[in-house]
Amino acid sequence: DPNNALEAVGWTLRNLVAYLSIRWGLGGTDRKFLSYRSPFLRRIASSEIELMEDENDEDSFEDVGDEDLDENDQNDAGVGGSLLLDIAIPLASDYQWPENSSNNESSNSSSYRCVGWEPNKNRKPGPRSVDLRPLVSPAHLARQANDLNLRLMKWRALPQLDVEKLTQMKVLLLGAGTLGCGVARTLLGWGVRKITFVDSGRVSYSNPVRQSLFGVDDCKDGGKHKAVAAAESLVTVAGPDVKSE
């Protein structure tokens with residue numbers, strides 16, 4: 001049980017009680033439950049915390065093992081503050097959502113008999129989940145950081161800057177040499193995401209030191225077409241949000 005409070009239990013046990021009532025029809029019965037609390041977690045009462053704060057004793061908050069427990073703690077080390085509970089399991093009807101289909105959320109929310117669930121598109125109770133994977137995507141983080149730079153520039157130096165217009169702009173670059181590579185990188189910094197190169201040349205070994213979008217690997221086997229190599233390099237630099245060709 002992740003809950004530290006002695007007078008309450010965590011959602012793990014609450015959800016188990018609801019499952020036993022709805023799935024197995026045990027509503028209306030009394031059952032015993034063990035609310036297991038890890039013996040190696042330091043559980044400190046609020047009065048003890050206030051005393052420790054007054055004494056500025058930082059060591060008192062460190063995690064401890066069995067060798068650091070006093071005599072009283074040693075006696076309870078096997079349970080670690082676990083609770084044996086007699087719980088009256090609610091009836092399955094206590095977990096049902098109201099039948100009305102009113103759009104007034106305030107009136108509906110007052111009728112809910114359980115917490116942590118909400119109606120889905122079929123008007124059935126279910127958990128609400130959020131996909132947070134994009135928030136840790138390198139491409140998303142890179143674009144977010146670049147957009148933040150643009151907003152700061154607008155706030156501090158260019159109030160008239162239309163950031164949204166820059167992100168929707170399409171740019172055609174004639175040439176992917178020293179100037180074209182530099183311009184393309186600068187456009188990325190200004191939020192431009194759609195860039196097209198036109199260049200019939202190939203990357204040679206003298207190019208990478210002067211042209212920032214190319215590397216030595218682009219020179220092998222006669223060299224890649226500059227337009228193709230530059231487009232691929234922009235995606236590598238700024239992520240898949242860039243539409244480059």
# chains A, B, ... in the order shown; residues from 1 in each chain; ligands from 1
>>> residues_around(residues="Asp218 of chain A", least_positions_apart="4", cutoff="12 Å", atoms="only C-alpha atoms", output="number ranges by chain")
A: 202-208, 211-214, 222-230, 232-233
>>> residues_around(residues="Leu234 of chain A", least_positions_apart="5", cutoff="9 Å", atoms="only C-alpha atoms", output="ChimeraX atom specification")
/A:184-185,188,195,213,229,239,242-244
>>> residues_around(residues="Leu83 of chain A", least_positions_apart="3", cutoff="8 Å", atoms="only C-alpha atoms", output="MDAnalysis selection string")
chainID A and resid 34:37
>>> write_last_selection(atoms="N, CA, C and O atoms", output="PDB file, in the first residue's frame")
ATOM      1  N   LEU A  34      -5.298  -7.150   4.017  1.00  0.00           N
ATOM      2  CA  LEU A  34      -4.010  -6.748   4.579  1.00  0.00           C
ATOM      3  C   LEU A  34      -3.466  -5.581   3.770  1.00  0.00           C
ATOM      4  O   LEU A  34      -3.171  -5.718   2.579  1.00  0.00           O
ATOM      5  N   SER A  35      -3.378  -4.429   4.396  1.00  0.00           N
ATOM      6  CA  SER A  35      -2.775  -3.253   3.771  1.00  0.00           C
ATOM      7  C   SER A  35      -1.291  -3.279   4.095  1.00  0.00           C
ATOM      8  O   SER A  35      -0.862  -2.798   5.143  1.00  0.00           O
ATOM      9  N   TYR A  36      -0.516  -3.856   3.198  1.00  0.00           N
ATOM     10  CA  TYR A  36       0.908  -4.077   3.467  1.00  0.00           C
ATOM     11  C   TYR A  36       1.702  -2.797   3.247  1.00  0.00           C
ATOM     12  O   TYR A  36       1.611  -2.170   2.194  1.00  0.00           O
ATOM     13  N   ARG A  37       2.485  -2.413   4.236  1.00  0.00           N
ATOM     14  CA  ARG A  37       3.380  -1.256   4.148  1.00  0.00           C
ATOM     15  C   ARG A  37       4.812  -1.762   4.292  1.00  0.00           C
ATOM     16  O   ARG A  37       5.120  -2.497   5.231  1.00  0.00           O
TER      17      ARG A  37
END
>>> closest_residue(among="A:Val198, A:Asp94, A:Ala142, A:Val171", to="Thr236 of chain A", atoms="only C-alpha atoms")
A:Ala142
>>> atom_distance(atom1="atom CA of Gly180 of chain A", atom2="atom CA of Ser200 of chain A")
13.2 Å
>>> residues_around(residues="Asn146 of chain A", least_positions_apart="2", cutoff="10 Å", atoms="only C-alpha atoms", output="PyMOL selection string")
chain A and resi 140-144+148-152+188-191+238
>>> write_last_selection(atoms="N, CA and C atoms", output="tab-separated table (two decimals), in the first residue's frame")
chain	number	residue	atom	x	y	z
A	140	HIS	N	10.34	16.41	-30.41
A	140	HIS	CA	9.40	17.35	-29.78
A	140	HIS	C	10.14	18.34	-28.89
A	141	LEU	N	11.09	17.84	-28.11
A	141	LEU	CA	11.84	18.71	-27.20
A	141	LEU	C	12.66	19.74	-27.98
A	142	ALA	N	13.23	19.31	-29.13
A	142	ALA	CA	14.02	20.24	-29.94
A	142	ALA	C	13.14	21.35	-30.50
A	143	ARG	N	11.97	20.97	-31.03
A	143	ARG	CA	11.08	21.99	-31.59
A	143	ARG	C	10.55	22.91	-30.49
A	144	GLN	N	10.24	22.34	-29.33
A	144	GLN	CA	9.75	23.16	-28.22
A	144	GLN	C	10.79	24.19	-27.79
A	148	LEU	N	10.51	28.23	-28.12
A	148	LEU	CA	10.69	29.10	-26.96
A	148	LEU	C	11.67	30.23	-27.28
A	149	ASN	N	12.73	29.92	-28.02
A	149	ASN	CA	13.67	30.97	-28.42
A	149	ASN	C	12.97	32.05	-29.23
A	150	LEU	N	12.09	31.63	-30.14
A	150	LEU	CA	11.37	32.60	-30.97
A	150	LEU	C	10.44	33.47	-30.13
A	151	ARG	N	9.76	32.85	-29.18
A	151	ARG	CA	8.86	33.64	-28.33
A	151	ARG	C	9.63	34.64	-27.47
A	152	LEU	N	10.81	34.24	-27.01
A	152	LEU	CA	11.63	35.16	-26.24
A	152	LEU	C	12.12	36.32	-27.11
A	188	LEU	N	16.07	27.51	-40.06
A	188	LEU	CA	15.62	26.60	-39.00
A	188	LEU	C	15.54	27.34	-37.67
A	189	GLY	N	16.54	28.17	-37.41
A	189	GLY	CA	16.55	28.93	-36.16
A	189	GLY	C	15.40	29.91	-36.06
A	190	TRP	N	14.87	30.35	-37.20
A	190	TRP	CA	13.74	31.28	-37.21
A	190	TRP	C	12.40	30.56	-37.31
A	191	GLY	N	12.41	29.24	-37.18
A	191	GLY	CA	11.15	28.49	-37.11
A	191	GLY	C	10.62	28.01	-38.43
A	238	ALA	N	17.25	19.05	-37.07
A	238	ALA	CA	16.08	19.61	-36.40
A	238	ALA	C	14.96	18.61	-36.15
>>> atom_distance(atom1="atom CA of Leu173 of chain A", atom2="atom CA of Asp199 of chain A")
8.7 Å
>>> residues_around(residues="Gln168 of chain A", least_positions_apart="6", cutoff="9 Å", atoms="only C-alpha atoms", output="ChimeraX atom specification")
/A:191-194
>>> atom_distance(atom1="atom CA of Trp24 of chain A", atom2="atom CA of Ala88 of chain A")
14.6 Å
>>> residues_around(residues="Leu6 of chain A", least_positions_apart="2", cutoff="9 Å", atoms="only C-alpha atoms", output="number ranges by chain")
A: 3-4, 8-9, 81-83
>>> write_last_selection(atoms="all heavy atoms", output="PDB file, in the first residue's frame")
ATOM      1  N   ASN A   3       0.124   4.281   0.508  1.00  0.00           N
ATOM      2  CA  ASN A   3      -0.330   5.360   1.382  1.00  0.00           C
ATOM      3  C   ASN A   3       0.384   5.297   2.730  1.00  0.00           C
ATOM      4  O   ASN A   3       0.571   4.233   3.303  1.00  0.00           O
ATOM      5  CB  ASN A   3      -1.845   5.257   1.587  1.00  0.00           C
ATOM      6  CG  ASN A   3      -2.420   6.525   2.189  1.00  0.00           C
ATOM      7  OD1 ASN A   3      -1.715   7.525   2.328  1.00  0.00           O
ATOM      8  ND2 ASN A   3      -3.694   6.501   2.533  1.00  0.00           N
ATOM      9  N   ASN A   4       0.785   6.459   3.244  1.00  0.00           N
ATOM     10  CA  ASN A   4       1.476   6.533   4.527  1.00  0.00           C
ATOM     11  C   ASN A   4       0.544   6.821   5.698  1.00  0.00           C
ATOM     12  O   ASN A   4       0.927   6.650   6.849  1.00  0.00           O
ATOM     13  CB  ASN A   4       2.552   7.626   4.484  1.00  0.00           C
ATOM     14  CG  ASN A   4       3.690   7.255   3.566  1.00  0.00           C
ATOM     15  OD1 ASN A   4       3.916   6.095   3.283  1.00  0.00           O
ATOM     16  ND2 ASN A   4       4.424   8.251   3.106  1.00  0.00           N
ATOM     17  N   ALA A   8      -6.160   5.959   6.448  1.00  0.00           N
ATOM     18  CA  ALA A   8      -6.668   5.809   5.083  1.00  0.00           C
ATOM     19  C   ALA A   8      -5.819   4.792   4.335  1.00  0.00           C
ATOM     20  O   ALA A   8      -4.723   4.434   4.775  1.00  0.00           O
ATOM     21  CB  ALA A   8      -6.650   7.158   4.351  1.00  0.00           C
ATOM     22  N   VAL A   9      -6.342   4.318   3.218  1.00  0.00           N
ATOM     23  CA  VAL A   9      -5.608   3.380   2.372  1.00  0.00           C
ATOM     24  C   VAL A   9      -5.464   3.980   0.983  1.00  0.00           C
ATOM     25  O   VAL A   9      -6.182   4.909   0.605  1.00  0.00           O
ATOM     26  CB  VAL A   9      -6.330   2.016   2.288  1.00  0.00           C
ATOM     27  CG1 VAL A   9      -6.369   1.357   3.640  1.00  0.00           C
ATOM     28  CG2 VAL A   9      -7.731   2.178   1.719  1.00  0.00           C
ATOM     29  N   GLY A  81       4.307  -1.227   9.822  1.00  0.00           N
ATOM     30  CA  GLY A  81       3.144  -0.370   9.894  1.00  0.00           C
ATOM     31  C   GLY A  81       1.979  -0.871   9.071  1.00  0.00           C
ATOM     32  O   GLY A  81       1.040  -0.127   8.795  1.00  0.00           O
ATOM     33  N   SER A  82       1.998  -2.150   8.632  1.00  0.00           N
ATOM     34  CA  SER A  82       0.900  -2.708   7.845  1.00  0.00           C
ATOM     35  C   SER A  82      -0.371  -2.788   8.678  1.00  0.00           C
ATOM     36  O   SER A  82      -0.326  -2.847   9.916  1.00  0.00           O
ATOM     37  CB  SER A  82       1.285  -4.097   7.319  1.00  0.00           C
ATOM     38  OG  SER A  82       2.417  -4.019   6.487  1.00  0.00           O
ATOM     39  N   LEU A  83      -1.524  -2.803   7.992  1.00  0.00           N
ATOM     40  CA  LEU A  83      -2.817  -2.800   8.680  1.00  0.00           C
ATOM     41  C   LEU A  83      -3.630  -4.008   8.261  1.00  0.00           C
ATOM     42  O   LEU A  83      -3.659  -4.379   7.080  1.00  0.00           O
ATOM     43  CB  LEU A  83      -3.584  -1.521   8.339  1.00  0.00           C
ATOM     44  CG  LEU A  83      -2.888  -0.186   8.610  1.00  0.00           C
ATOM     45  CD1 LEU A  83      -3.740   0.964   8.101  1.00  0.00           C
ATOM     46  CD2 LEU A  83      -2.593  -0.017  10.085  1.00  0.00           C
TER      47      LEU A  83
END
>>> closest_residue(among="A:Phe197, A:Phe33, A:Trp11, A:Trp155", to="Val183 of chain A", atoms="only C-alpha atoms")
A:Phe197
>>> closest_residue(among="A:Pro240, A:Pro125, A:Pro138, A:Gly177", to="Ile22 of chain A", atoms="only C-alpha atoms")
A:Pro125
